[in-house]
Each structure stands twice: as C-alpha cells, then as structure tokens.
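What follows is the content of input.cif (mmCIF, C-alpha atoms).
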data_run
#
loop_
_atom_site.label_atom_id
_atom_site.label_comp_id
_atom_site.auth_asym_id
_atom_site.auth_seq_id
_atom_site.Cartn_x
_atom_site.Cartn_y
_atom_site.Cartn_z
CA MET A 1 159.80 130.02 116.88
CA THR A 2 158.82 132.72 119.34
CA LEU A 3 159.95 136.26 118.85
CA LYS A 4 161.48 138.28 121.62
CA LEU A 5 160.18 141.75 122.41
CA ASP A 6 163.17 143.45 120.77
CA ASP A 7 162.64 141.41 117.59
CA LYS A 8 158.97 142.36 117.51
CA LYS A 9 159.81 146.05 117.96
CA ALA A 10 162.34 145.85 115.12
CA ILE A 11 159.79 144.20 112.81
CA VAL A 12 157.12 146.78 113.68
CA ALA A 13 159.58 149.64 113.09
CA GLU A 14 160.70 148.21 109.74
CA VAL A 15 157.15 147.66 108.46
CA ALA A 16 156.02 151.07 109.76
CA LEU A 17 158.87 152.74 107.87
CA VAL A 18 157.99 150.88 104.66
CA ALA A 19 154.29 151.71 105.13
CA LYS A 20 155.04 155.42 105.46
CA GLN A 21 157.04 155.35 102.23
CA SER A 22 154.54 153.26 100.25
CA THR A 23 151.64 154.31 98.06
CA SER A 24 149.53 151.14 98.29
CA VAL A 25 149.41 147.76 100.00
CA VAL A 26 147.83 144.43 99.08
CA ALA A 27 147.06 141.76 101.69
CA ALA A 28 146.74 138.21 100.39
CA SER A 29 146.26 134.79 101.93
CA TYR A 30 149.09 132.48 100.98
CA ALA A 31 147.82 129.32 102.72
CA GLY A 32 148.38 126.28 100.54
CA LEU A 33 151.32 127.64 98.57
CA THR A 34 154.53 125.66 98.62
CA VAL A 35 157.82 127.13 99.78
CA GLY A 36 159.04 127.16 96.18
CA GLN A 37 155.97 129.09 95.03
CA VAL A 38 156.37 131.68 97.80
CA THR A 39 160.07 131.99 96.96
CA GLU A 40 159.17 132.60 93.31
CA LEU A 41 156.63 135.24 94.40
CA ARG A 42 159.25 137.00 96.53
CA LYS A 43 161.72 136.97 93.62
CA GLN A 44 159.14 138.50 91.28
CA ALA A 45 158.29 141.09 93.94
CA ARG A 46 161.92 142.17 94.23
CA ASN A 47 162.15 142.52 90.44
CA ALA A 48 158.95 144.62 90.39
CA GLY A 49 160.09 146.94 93.21
CA VAL A 50 157.51 145.56 95.65
CA TYR A 51 158.33 145.04 99.33
CA MET A 52 156.77 141.82 100.65
CA ARG A 53 156.53 140.72 104.23
CA VAL A 54 154.80 137.93 106.13
CA ILE A 55 154.04 139.38 109.53
CA ARG A 56 151.76 138.59 112.41
CA ASN A 57 148.52 140.51 112.21
CA THR A 58 148.93 142.12 115.65
CA LEU A 59 152.37 143.40 114.67
CA ALA A 60 151.01 144.65 111.34
CA ARG A 61 148.24 146.56 113.14
CA ARG A 62 150.84 148.24 115.34
CA ALA A 63 153.01 149.05 112.33
CA PHE A 64 150.04 150.58 110.48
CA GLU A 65 149.15 152.92 113.36
CA GLY A 66 149.67 156.50 112.26
CA THR A 67 150.03 155.61 108.57
CA GLN A 68 147.59 155.77 105.69
CA PHE A 69 147.09 152.00 106.02
CA ALA A 70 145.53 152.11 109.49
CA CYS A 71 142.21 151.41 107.74
CA MET A 72 143.36 147.82 107.11
CA ASP A 73 143.00 146.75 110.76
CA GLU A 74 139.74 144.88 110.16
CA ALA A 75 141.07 143.12 107.06
CA LEU A 76 144.07 141.61 108.82
CA VAL A 77 142.67 138.16 109.58
CA GLY A 78 144.45 134.86 109.08
CA PRO A 79 147.89 134.21 107.63
CA LEU A 80 148.62 137.04 105.21
CA VAL A 81 151.45 138.30 103.09
CA LEU A 82 151.63 142.08 102.72
CA ALA A 83 152.89 143.55 99.45
CA PHE A 84 153.79 147.26 99.51
CA SER A 85 154.11 149.37 96.34
CA LYS A 86 156.75 151.97 96.99
CA GLU A 87 156.82 153.94 93.72
CA GLU A 88 153.91 152.88 91.52
CA PRO A 89 150.51 152.37 93.19
CA GLY A 90 149.59 149.46 90.93
CA ALA A 91 152.84 147.46 91.13
CA ALA A 92 151.83 145.18 94.02
CA ALA A 93 148.32 144.75 92.60
CA ARG A 94 149.72 143.73 89.19
CA LEU A 95 152.08 141.26 90.85
CA MET A 96 149.35 139.69 92.97
CA LYS A 97 146.89 139.59 90.07
CA ASP A 98 149.38 137.81 87.82
CA TYR A 99 150.44 135.41 90.53
CA ALA A 100 146.84 134.64 91.57
CA LYS A 101 146.13 133.60 87.96
CA LYS A 102 149.11 131.26 88.08
CA PHE A 103 148.37 129.77 91.51
CA GLU A 104 144.76 129.60 92.68
CA LYS A 105 145.77 129.20 96.33
CA LEU A 106 146.86 132.84 96.54
CA GLU A 107 143.77 134.84 97.42
CA VAL A 108 143.75 138.62 97.73
CA LYS A 109 141.85 139.65 100.85
CA ALA A 110 142.12 143.46 100.85
CA LEU A 111 143.99 146.39 99.43
CA SER A 112 144.48 149.98 100.41
CA ILE A 113 145.47 153.12 98.59
CA ASP A 114 145.38 156.74 99.82
CA GLY A 115 144.02 155.75 103.22
CA LYS A 116 141.03 153.90 101.78
CA LEU A 117 140.33 150.22 102.29
CA LEU A 118 139.22 148.62 99.03
CA PRO A 119 137.56 145.23 98.63
CA ALA A 120 139.49 142.42 96.99
CA ASN A 121 137.43 142.66 93.80
CA ASP A 122 138.96 146.13 93.13
CA LEU A 123 142.30 144.43 92.46
CA ASN A 124 141.83 144.64 88.68
CA ARG A 125 141.09 148.35 88.89
CA LEU A 126 144.23 149.04 90.94
CA ALA A 127 146.34 146.74 88.75
CA SER A 128 145.25 148.61 85.63
CA LEU A 129 146.73 151.90 86.84
CA PRO A 130 149.50 153.02 84.50
CA THR A 131 153.13 152.76 85.53
CA LYS A 132 155.08 155.94 86.15
CA ASN A 133 156.59 155.93 82.64
CA GLU A 134 153.20 155.22 81.03
CA ALA A 135 151.59 158.08 82.97
CA ILE A 136 154.36 160.48 81.93
CA ALA A 137 153.97 159.41 78.29
CA GLN A 138 150.20 159.94 78.44
CA LEU A 139 150.67 163.36 80.03
CA MET A 140 153.23 164.39 77.43
CA SER A 141 150.96 163.33 74.56
CA VAL A 142 148.07 165.30 76.04
CA MET A 143 150.29 168.35 76.53
CA SER A 144 151.81 168.19 73.05
CA ALA A 145 148.52 167.68 71.16
CA PRO A 146 147.37 171.35 71.23
CA ILE A 147 150.81 172.61 70.27
CA THR A 148 151.03 170.13 67.39
CA LYS A 149 147.58 171.10 66.14
CA PHE A 150 148.49 174.80 66.35
CA VAL A 151 151.68 174.29 64.32
CA ARG A 152 149.77 172.29 61.69
CA THR A 153 147.18 175.07 61.48
CA LEU A 154 149.89 177.68 61.00
CA ALA A 155 151.64 175.61 58.33
CA GLU A 156 148.47 174.76 56.35
CA PRO A 157 148.17 178.04 54.32
CA HIS A 158 151.78 177.72 53.17
CA SER A 159 151.27 174.06 52.27
CA LYS A 160 148.10 174.87 50.35
CA LEU A 161 149.92 177.63 48.41
CA VAL A 162 152.75 175.25 47.50
CA ARG A 163 150.26 172.58 46.36
CA THR A 164 148.42 175.19 44.23
CA PHE A 165 151.66 176.29 42.52
CA ALA A 166 152.60 172.66 41.92
CA ALA A 167 149.20 172.01 40.32
CA LEU A 168 149.62 175.10 38.08
CA ARG A 169 153.12 173.97 37.08
CA ASP A 170 151.83 170.48 36.21
CA LYS A 171 148.96 171.97 34.18
CA LYS A 172 151.33 174.25 32.20
CA GLN A 173 153.72 171.36 31.57
CA GLN A 174 150.85 169.26 30.18
CA GLU A 175 149.69 172.17 27.94
CA ALA A 176 153.26 172.73 26.67
CA ALA A 177 153.67 169.03 25.88
CA VAL A 178 150.51 169.00 23.73
#
Final structure tokens representation of the file:
Amino acid sequence: MTLKLDDKKAIVAEVALVAKQSTSVVAASYAGLTVGQVTELRKQARNAGVYMRVIRNTLARRAFEGTQFACMDEALVGPLVLAFSKEEPGAAARLMKDYAKKFEKLEVKALSIDGKLLPANDLNRLASLPTKNEAIAQLMSVMSAPITKFVRTLAEPHSKLVRTFAALRDKKQQEAAV
C-alpha cells in the first residue's frame, strides 16, 4: 500500500513529536517474526510505557531531524521497528532485551540515548538502568544514611549509660540473692 504525501507528513510529524518527548530509542530488525509475535511485542510495549512504530527509514530520518536522535541516520537500514522510551531511559531496552531472549529473530541494530548512537551490544548496559522508582529509592537511601548515622551517634552515649545501669542493677540483684 502506497502512502500519500499527507499521510507521510502526518507520520513524520507524529514520530518527530514522540522523539522530542522521549529519552531513548531502540531500533530492532523484526524480519522473521510472525504477526502474532509482533502483536505480543506491541502489547508488552504498551504495558511498559514504550511507544513502538514500524516506519520507513526515509520517514524516520526526516522525523529525527532536529531531535537528539538525528545520530541514528546511519543505523536506519532494513526493516526496523523503533521503540521509544518516554519516561524511563531503559524501558525500551529492557523490553527488547527480554523479547530478543524469547524470540531469536528479533535483533537489536542500534540504540540512542542523550544524542549518542550506541552499538547494539550496549543493550544490556542501557537495560540495566534503574527505573524511576528504583532511582528515587536509591537516592533516598543515600540521602538518609548520614542522618541515620548521626542520630545513632547522638543516641549511643545514652544507650551506653542505660546498659551500664542495667548491668549494675543485675549485679546488685545477684549479690542480694546470695
């Protein structure tokens, strides 16, 4: 099915808007996957908050102009599916990594984050980035550690005094019982 010029402009505008709002993108070859497998991948992408789109490479190049993903021009070769992470940089990478384990036909070709084109073998590194909630939890634990240690340090003399009095009380009770 051929696309009319207005349809192509609409697709380019939609993908350009998503690209401007996204933090990372993963390009993967989907050749050899069945329709059911691609449908399952799309369903998982929606659940993970990942925008997926199969688009012609020339239209993708036009959509990436003026965005941080313009560096992907050279990597757009062959039939590709583009997965955009809108909120968490590693969401699309995690999805593609998990799905590539399940179906060997899905092959990651390139990924980009912060305007840098990364090779496909960096997929594990990008997929291992913490989610937003995990990052907040890590930050909070790092921020609370010094305060917790300070409070423990302040409370230690009082605790030691109480333990000393308790030991004296126990000693006197043993002497009185004898």
Name the residues that the PyMOL selection byres ((chain A and resi 46-52) around 6) pulls out of this structure, and write them as a ChimeraX atom specification. /A:43-45,53,82-85,92
Could you turn the residues from that selection into a file that holds C-alpha atoms, as a compact mmCIF listing (two decimals), in the frame of the given file?
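Output file again.txt follows:
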# COMPACT_ATOMS: atom_id res chain seq x y z
CA LYS A 43 161.72 136.97 93.62
CA GLN A 44 159.14 138.50 91.28
CA ALA A 45 158.29 141.09 93.94
CA ARG A 53 156.53 140.72 104.23
CA LEU A 82 151.63 142.08 102.72
CA ALA A 83 152.89 143.55 99.45
CA PHE A 84 153.79 147.26 99.51
CA SER A 85 154.11 149.37 96.34
CA ALA A 92 151.83 145.18 94.02
Tell me which residues the PyMOL selection byres ((chain A and resi 94) around 10) grabs here, as a ChimeraX atom specification. /A:48,89-93,95-100,123-129
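Picture a line from CA of Met72 in chain A to CA of Asn121 in chain A; it runs 15.5 Å.
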Tell me which residues come within 10 Å of (150.6, 135.1, 101.1), as JSON, numbers by chain, counting only C-alpha atoms in the file's coordinates. {"A": [26, 27, 28, 29, 30, 31, 32, 33, 38, 41, 42, 52, 53, 54, 79, 80, 81, 82, 83, 96, 105, 106, 107, 108, 109]}
Evaluate the PyMOL selection byres ((chain A and resi 15) around 12) and record the selected residues as a VMD selection string, following the chain and residue labels used in the document. chain A and resid 8 to 14 16 to 22 25 51 to 57 59 to 65 67 69 82 to 84
To one decimal place, how far is CA of Glu87 in chain A from CA of Lys132 in chain A in Å? 8.0 Å
Counting only C-alpha atoms, which residue out of A:Met143, A:Lys172, A:Ala110, A:Lys102 sits closest to Val77 in chain A?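 Of the candidates, the smallest distance to Val77 in chain A is held by A:Ala110.
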For CA of Asp170 in chain A and CA of Ala155 in chain A, quote the distance in Å rounded to one decimal. 22.7 Å
Can you tell me, as AutoDock Vina command-line options, the centre and edge lengths (Å, one decimal) of the axis-aligned box enclosing all of range 29-39 of chain A's listed atoms after padding each side by 4 Å?
--center_x 153.2 --center_y 130.2 --center_z 98.9 --size_x 21.8 --size_y 17.1 --size_z 15.7
Ranking A:Glu40, A:Glu175, A:Glu74, A:Asp6 by minimum distance to Leu118 in chain A and counting all atoms listed in the file, which one comes first?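 Under the stated criterion, the closest residue is A:Glu74.
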Would you save range 108-172 of chain A to a file, keeping C-alpha atoms, as a short mmCIF file (atom, residue, chain, number, x, y, z; two decimals), in the first residue's frame?
data_model
loop_
_atom_site.label_atom_id
_atom_site.label_comp_id
_atom_site.auth_asym_id
_atom_site.auth_seq_id
_atom_site.Cartn_x
_atom_site.Cartn_y
_atom_site.Cartn_z
CA VAL A 108 18.64 -5.06 18.03
CA LYS A 109 20.56 -2.98 15.50
CA ALA A 110 21.20 0.30 17.34
CA LEU A 111 20.16 2.42 20.26
CA SER A 112 20.47 6.05 21.18
CA ILE A 113 20.35 7.99 24.41
CA ASP A 114 21.23 11.65 25.03
CA GLY A 115 22.13 12.26 21.39
CA LYS A 116 24.67 9.44 21.28
CA LEU A 117 24.45 6.44 18.99
CA LEU A 118 25.33 3.27 20.88
CA PRO A 119 26.16 -0.11 19.35
CA ALA A 120 23.71 -2.97 19.77
CA ASN A 121 25.94 -4.71 22.30
CA ASP A 122 25.32 -1.82 24.77
CA LEU A 123 21.71 -3.00 25.09
CA ASN A 124 22.42 -4.78 28.40
CA ARG A 125 24.00 -1.65 29.84
CA LEU A 126 21.01 0.51 28.91
CA ALA A 127 18.53 -2.15 30.06
CA SER A 128 20.21 -2.31 33.47
CA LEU A 129 19.48 1.35 34.22
CA PRO A 130 17.18 1.64 37.23
CA THR A 131 13.55 2.58 36.81
CA LYS A 132 12.37 5.94 38.09
CA ASN A 133 11.10 4.46 41.36
CA GLU A 134 14.31 2.46 41.87
CA ALA A 135 16.43 5.55 41.27
CA ILE A 136 14.37 7.57 43.76
CA ALA A 137 14.69 4.79 46.34
CA GLN A 138 18.47 4.64 45.85
CA LEU A 139 18.74 8.41 46.17
CA MET A 140 16.64 8.47 49.32
CA SER A 141 18.74 5.73 50.94
CA VAL A 142 21.93 7.62 50.11
CA MET A 143 20.48 10.85 51.48
CA SER A 144 19.15 9.27 54.67
CA ALA A 145 22.32 7.31 55.53
CA PRO A 146 24.30 10.26 57.01
CA ILE A 147 21.32 11.46 59.01
CA THR A 148 20.67 7.97 60.37
CA LYS A 149 24.32 7.55 61.35
CA PHE A 150 24.30 10.97 63.06
CA VAL A 151 21.20 10.09 65.09
CA ARG A 152 22.72 6.75 66.12
CA THR A 153 25.90 8.54 67.19
CA LEU A 154 23.91 11.01 69.28
CA ALA A 155 21.87 8.24 70.90
CA GLU A 156 24.85 5.97 71.70
CA PRO A 157 26.03 7.70 74.96
CA HIS A 158 22.52 7.50 76.39
CA SER A 159 22.19 3.85 75.36
CA LYS A 160 25.56 3.02 76.90
CA LEU A 161 24.56 4.73 80.17
CA VAL A 162 21.30 2.76 80.29
CA ARG A 163 23.15 -0.52 79.62
CA THR A 164 25.66 0.32 82.40
CA PHE A 165 22.87 0.99 84.93
CA ALA A 166 21.14 -2.23 83.89
CA ALA A 167 24.37 -4.19 84.41
CA LEU A 168 24.82 -2.60 87.88
CA ARG A 169 21.20 -3.43 88.79
CA ASP A 170 21.68 -7.06 87.69
CA LYS A 171 24.93 -7.31 89.68
CA LYS A 172 23.28 -5.93 92.86
#
